[in-house]
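Since the structure comes first, as structure tokens, the remarks are kept for the end.
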Amino acid sequence: MNLESLYRQEWRRVLATTLRLTGDFDLSEEAVQDAFVAALEQWPREGTPGNPYAWLVSTARHRVVDQLRRRARFQEKQDELEQVAALEESEVDLSDVAMVDDQLRLIFTCCHPALAVDGQVALTLRTVCGLTTEEIARGFLVPVATMAQRLVRVKRKIRDARLPFAMPPRDRLVERLDAVKLVVYLVFTEGYAATSGKAWMRRQLCEEAIRLGRLLCELIPRSPELRALLALMLLHDSRRMARSGPDEEIITLEEQDRGLWDRQEIAEGVPLLESALRDGANDEYVLQAAIAALHARAQRAEDTDWAQIARLYDALLRKRPSPVVELNRAAAVAMAEGPSKGLALIAEIEAKGELAGYHLLPAARADLLRRQGRWPEAADAYREALAMVANDPERRYLSRRLAEVEGLQSTGGAGVIH
Amino acid sequence: MEYLLLIYDSEAGIAAMSEAEQAAIYADYGRFTQSIQQSGNHRLGQQLQPVATATTVRVRNGKRAVTDGPFAETREQLGGFYLIEAKDLDEALAIAERVPSARIGSIEVRPLVPAMQHAGQA
């Protein structure tokens with residue numbers, strides 16, 4: 001195995017175990033980095049050890065001990081020197097069970113609700129996924145210095161407020177798992193939803209999120225919610241090849257070439273969702289995954305079970321009321337019961353004013369007016385959306401639609417189109 | 001590790017409560033204080049007089065300025081505090097959520113700089 005894939009595989013496990021020994025993020029991270037550098041020097045010469053994980057942990061531990069001893073001597077602290085000696089002599093449990101616990105502790109610590117959410121996300125990508133600060137910064141389209149500062153802040157809080165490097169107590173597990181799920185999902189949507197920036201890096205975020213989702217399912221196999229989250233990510237990810245054109249133009253679900261959908265991801269996601277539903281998963285992720293599965297199941301766009309999708313949006317709204325979900329529901333109702341029903345719902349949302357300035361609101365209205373063949377009104381609504389849209393691929397899509405309805409308007413075309 | 005629990009609640013909200021409701025909160029505080037004394041987490045704790053009694057002092061260019069009122073006008077006011085000992089933030093948060101005002105106001109949990117570390121850095 002080459003060192004890069006080994007690094008990918010072992011970084012998290014070695015860091016998690018080293019953290020168990022030290023409880024100190026910076027110290028452990030440095031020591032693990034050093035251990036990998038040592039591996040890079042020694043392994044090509046002496047051969048890869050039989051158990052790379054044990055070798056790396058042992059090397060990292062030596063670095064930690066050296067570092068702590070130097071620090072304690074410098075500060076002339078006898079009690080700390082004794083602690084270092086104890087750490088040096090202690091027997092390290094390297095069993096599979098201990099390793100799983102280490103990784104869970106690491107993930108739960110990174111996603112502690114006492115940390116700011118952007119800090120949780122950054123720290124998870126840095127420590128659990130082993131991404132560099134530069135890579136994370138590129139993924140989130142922020143300057144490297146900003147991301148570095150974010151990581152410093154979050155690690156400082158862990159140290160100074162003494163966040164325990166520990167599993168949450170049983171009665172906190174649900175709350176804490178919610179935070180973990182949110183972090184994983186935010187990493188995924190950041191990679192999936194964004195349509196600007198370096199595409200390959202955004203892709204890496206989706207892959208990391210799915211990798212994290214898989215890891216969590218392995219570590220906590222009893223959680224149906226984690227299976228639902230993984231299913232949701234896989235089902236969305238399955239459309240990645242079909243959802244944009246060669247110049248990154250958006251291709252709507254309706255217009256996508258379904259032959260480009262990743263059948264393997266669908267084949268993995270659907271049974272995961274089914275087992276999550278069987279085991280009683282009942283959160284917003286499972287509802288979203290169920291919606292994605294209904295799309296995945298439809299051979300052609302016109303086969304989509306919109307009535308069922310509208311019902312799922314109803315359930316989602318009850319769980320988490322949000323004007324954006326309301327808008328999605330309006331679009332589903334329009335597809336199930338006709339554009340005029342959808343337009344009435346959109347008018348209600350507009351009257352509430354919560355989505356003022358949100359380009360997808362006039363865009364959804366424009367889409368339904370277009371389906372009714374009301375070209376001049378549709379054109380006006382597309383123009384309204386274009387005045388608000390911020391990103392290029394969406395602007396190109398809206399411009400194409402606008403040109404289309406303007407053309408029909410001038411040639412006096414009439415009738416309902418799809 | 002020591003943590004300061006800063007208790008913020010709405011003075012107006014409490015003033016608007018009935019006497020029986022206020023008495024119930026005081027009784028809750030009594031029980032809570034006793035329980036963290038028994039568990040060994042309690043260091044210190046006191047209720048503050050209302051912000052109407054607050055005075056703010058600043059010294060600028062060697063000149064003292066004294067003004068009536070708190071440092072910042074906020075919707076919830078600092079009404080009291082506990083100084084507790086806890087092994088880590090999770091234990092401190094578990095204690096903070098039991099402060100009676102957590103149900104009506106907010107509890108800010110702040111770790112103290114350890115005395116030794118402070119001396120070492122100075």
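So you can find residues: chains in the structure tokens are A, B, ... in the order shown, residues in each start at 1, and ligands are numbered from 1 in order.
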Based on DSSP run over this structure's backbone, return all residues of chain B in alpha helix (DSSP H), as a ChimeraX atom specification. /B:11-15,19-38,89-96,115-121
Sorted by chain and rising residue number, which residues of chain A lie within 7 Å of chain B, and what are their closest atom pairs and distances in Å to one decimal, counting only C-alpha atoms, as a tab-separated table?
```
residue	atom	partner	partner_atom	distance
A:Ala161	CA	B:Pro111	CA	5.3
A:Arg162	CA	B:Asp88	CA	5.3
A:Leu163	CA	B:Leu89	CA	5.1
A:Pro164	CA	B:Asp88	CA	5.9
```
Using DSSP on the backbone coordinates, identify the residues of chain B assigned to strand (DSSP E or B); present them as a PyMOL selection string. chain B and resi 2-9+42-47+55-60+63-68+77-85+106-111
Grab the residues selected above and save them as a compact mmCIF listing (two decimals), in the first residue's frame with N, CA and C atoms.
```
# COMPACT_ATOMS: atom_id res chain seq x y z
N GLU B 2 -12.02 25.27 37.88
CA GLU B 2 -13.10 26.12 38.40
C GLU B 2 -13.84 26.80 37.24
N TYR B 3 -15.13 26.88 37.40
CA TYR B 3 -15.98 27.56 36.40
C TYR B 3 -16.87 28.55 37.13
N LEU B 4 -17.10 29.68 36.49
CA LEU B 4 -18.04 30.66 37.02
C LEU B 4 -19.34 30.50 36.23
N LEU B 5 -20.43 30.33 36.95
CA LEU B 5 -21.74 30.27 36.31
C LEU B 5 -22.39 31.64 36.48
N LEU B 6 -22.55 32.35 35.38
CA LEU B 6 -23.16 33.68 35.44
C LEU B 6 -24.63 33.54 35.12
N ILE B 7 -25.45 34.00 36.04
CA ILE B 7 -26.89 33.77 35.90
C ILE B 7 -27.55 35.03 35.34
N TYR B 8 -28.08 34.88 34.13
CA TYR B 8 -28.78 36.00 33.51
C TYR B 8 -30.27 35.71 33.47
N ASP B 9 -31.07 36.60 34.03
CA ASP B 9 -32.50 36.48 33.77
C ASP B 9 -33.12 37.87 33.68
N HIS B 42 -19.65 23.06 45.02
CA HIS B 42 -19.91 24.46 45.37
C HIS B 42 -18.68 25.13 45.96
N ARG B 43 -18.32 26.30 45.43
CA ARG B 43 -17.25 27.10 46.02
C ARG B 43 -17.85 28.36 46.64
N LEU B 44 -18.72 29.00 45.88
CA LEU B 44 -19.23 30.30 46.27
C LEU B 44 -20.48 30.57 45.44
N GLY B 45 -21.36 31.39 45.96
CA GLY B 45 -22.53 31.73 45.16
C GLY B 45 -23.29 32.84 45.84
N GLN B 46 -23.81 33.78 45.06
CA GLN B 46 -24.51 34.91 45.66
C GLN B 46 -25.46 35.53 44.64
N GLN B 47 -26.54 36.04 45.18
CA GLN B 47 -27.46 36.81 44.32
C GLN B 47 -27.00 38.27 44.31
N THR B 55 -23.33 50.60 39.37
CA THR B 55 -22.56 51.80 39.05
C THR B 55 -21.35 51.34 38.26
N THR B 56 -21.04 52.03 37.19
CA THR B 56 -19.91 51.63 36.35
C THR B 56 -18.79 52.66 36.45
N VAL B 57 -17.59 52.18 36.62
CA VAL B 57 -16.42 53.06 36.78
C VAL B 57 -15.45 52.82 35.63
N ARG B 58 -14.95 53.87 35.03
CA ARG B 58 -13.89 53.75 34.03
C ARG B 58 -12.82 54.77 34.35
N VAL B 59 -11.57 54.41 34.11
CA VAL B 59 -10.49 55.40 34.25
C VAL B 59 -9.87 55.59 32.88
N ARG B 60 -9.93 56.81 32.38
CA ARG B 60 -9.34 57.12 31.07
C ARG B 60 -8.39 58.30 31.24
N LYS B 63 -8.20 59.79 34.50
CA LYS B 63 -9.37 60.47 35.03
C LYS B 63 -10.50 59.48 35.24
N ARG B 64 -11.09 59.52 36.42
CA ARG B 64 -12.15 58.56 36.73
C ARG B 64 -13.50 59.06 36.25
N ALA B 65 -14.23 58.17 35.58
CA ALA B 65 -15.60 58.52 35.19
C ALA B 65 -16.55 57.53 35.84
N VAL B 66 -17.48 58.01 36.59
CA VAL B 66 -18.45 57.16 37.28
C VAL B 66 -19.81 57.39 36.65
N THR B 67 -20.46 56.29 36.21
CA THR B 67 -21.80 56.46 35.64
C THR B 67 -22.79 55.51 36.31
N ASP B 68 -24.02 55.93 36.30
CA ASP B 68 -25.09 55.10 36.85
C ASP B 68 -25.41 53.99 35.85
N GLN B 77 -30.44 40.38 32.59
CA GLN B 77 -29.42 41.01 33.41
C GLN B 77 -28.69 39.98 34.27
N LEU B 78 -27.43 40.30 34.57
CA LEU B 78 -26.66 39.45 35.47
C LEU B 78 -27.29 39.57 36.85
N GLY B 79 -27.79 38.46 37.35
CA GLY B 79 -28.54 38.51 38.61
C GLY B 79 -27.86 37.77 39.75
N GLY B 80 -26.82 37.03 39.42
CA GLY B 80 -26.14 36.27 40.47
C GLY B 80 -25.11 35.35 39.86
N PHE B 81 -24.42 34.61 40.68
CA PHE B 81 -23.36 33.73 40.17
C PHE B 81 -23.10 32.59 41.13
N TYR B 82 -22.51 31.55 40.57
CA TYR B 82 -21.93 30.50 41.39
C TYR B 82 -20.51 30.29 40.92
N LEU B 83 -19.62 30.04 41.85
CA LEU B 83 -18.29 29.58 41.49
C LEU B 83 -18.27 28.10 41.85
N ILE B 84 -18.01 27.26 40.83
CA ILE B 84 -18.06 25.82 41.09
C ILE B 84 -16.74 25.14 40.73
N GLU B 85 -16.56 23.96 41.26
CA GLU B 85 -15.44 23.10 40.89
C GLU B 85 -16.03 21.94 40.10
N SER B 106 -30.73 32.50 31.21
CA SER B 106 -29.59 31.81 30.62
C SER B 106 -28.44 31.75 31.63
N ILE B 107 -27.66 30.69 31.52
CA ILE B 107 -26.49 30.56 32.38
C ILE B 107 -25.26 30.54 31.50
N GLU B 108 -24.38 31.51 31.71
CA GLU B 108 -23.13 31.52 30.95
C GLU B 108 -22.06 30.82 31.78
N VAL B 109 -21.39 29.86 31.16
CA VAL B 109 -20.39 29.07 31.88
C VAL B 109 -19.00 29.52 31.43
N ARG B 110 -18.20 30.02 32.36
CA ARG B 110 -16.86 30.51 31.99
C ARG B 110 -15.80 29.83 32.83
N PRO B 111 -14.83 29.20 32.16
CA PRO B 111 -13.73 28.61 32.94
C PRO B 111 -12.85 29.71 33.51
```
So which residues touch Val180 of chain A within 9 Å, counting only C-alpha atoms, skipping near sequence neighbours fewer than 2 positions away, as a count of residues only? 13
List as JSON, numbers by chain the protein and nucleic acid residues near Leu327 of chain A, meaning an atom at most 9 Å away when only C-alpha atoms are counted, but skip any in the same chain fewer than 3 places from it. {"A": [322, 323, 324, 330, 331, 332, 345, 346, 349, 360, 361, 364]}
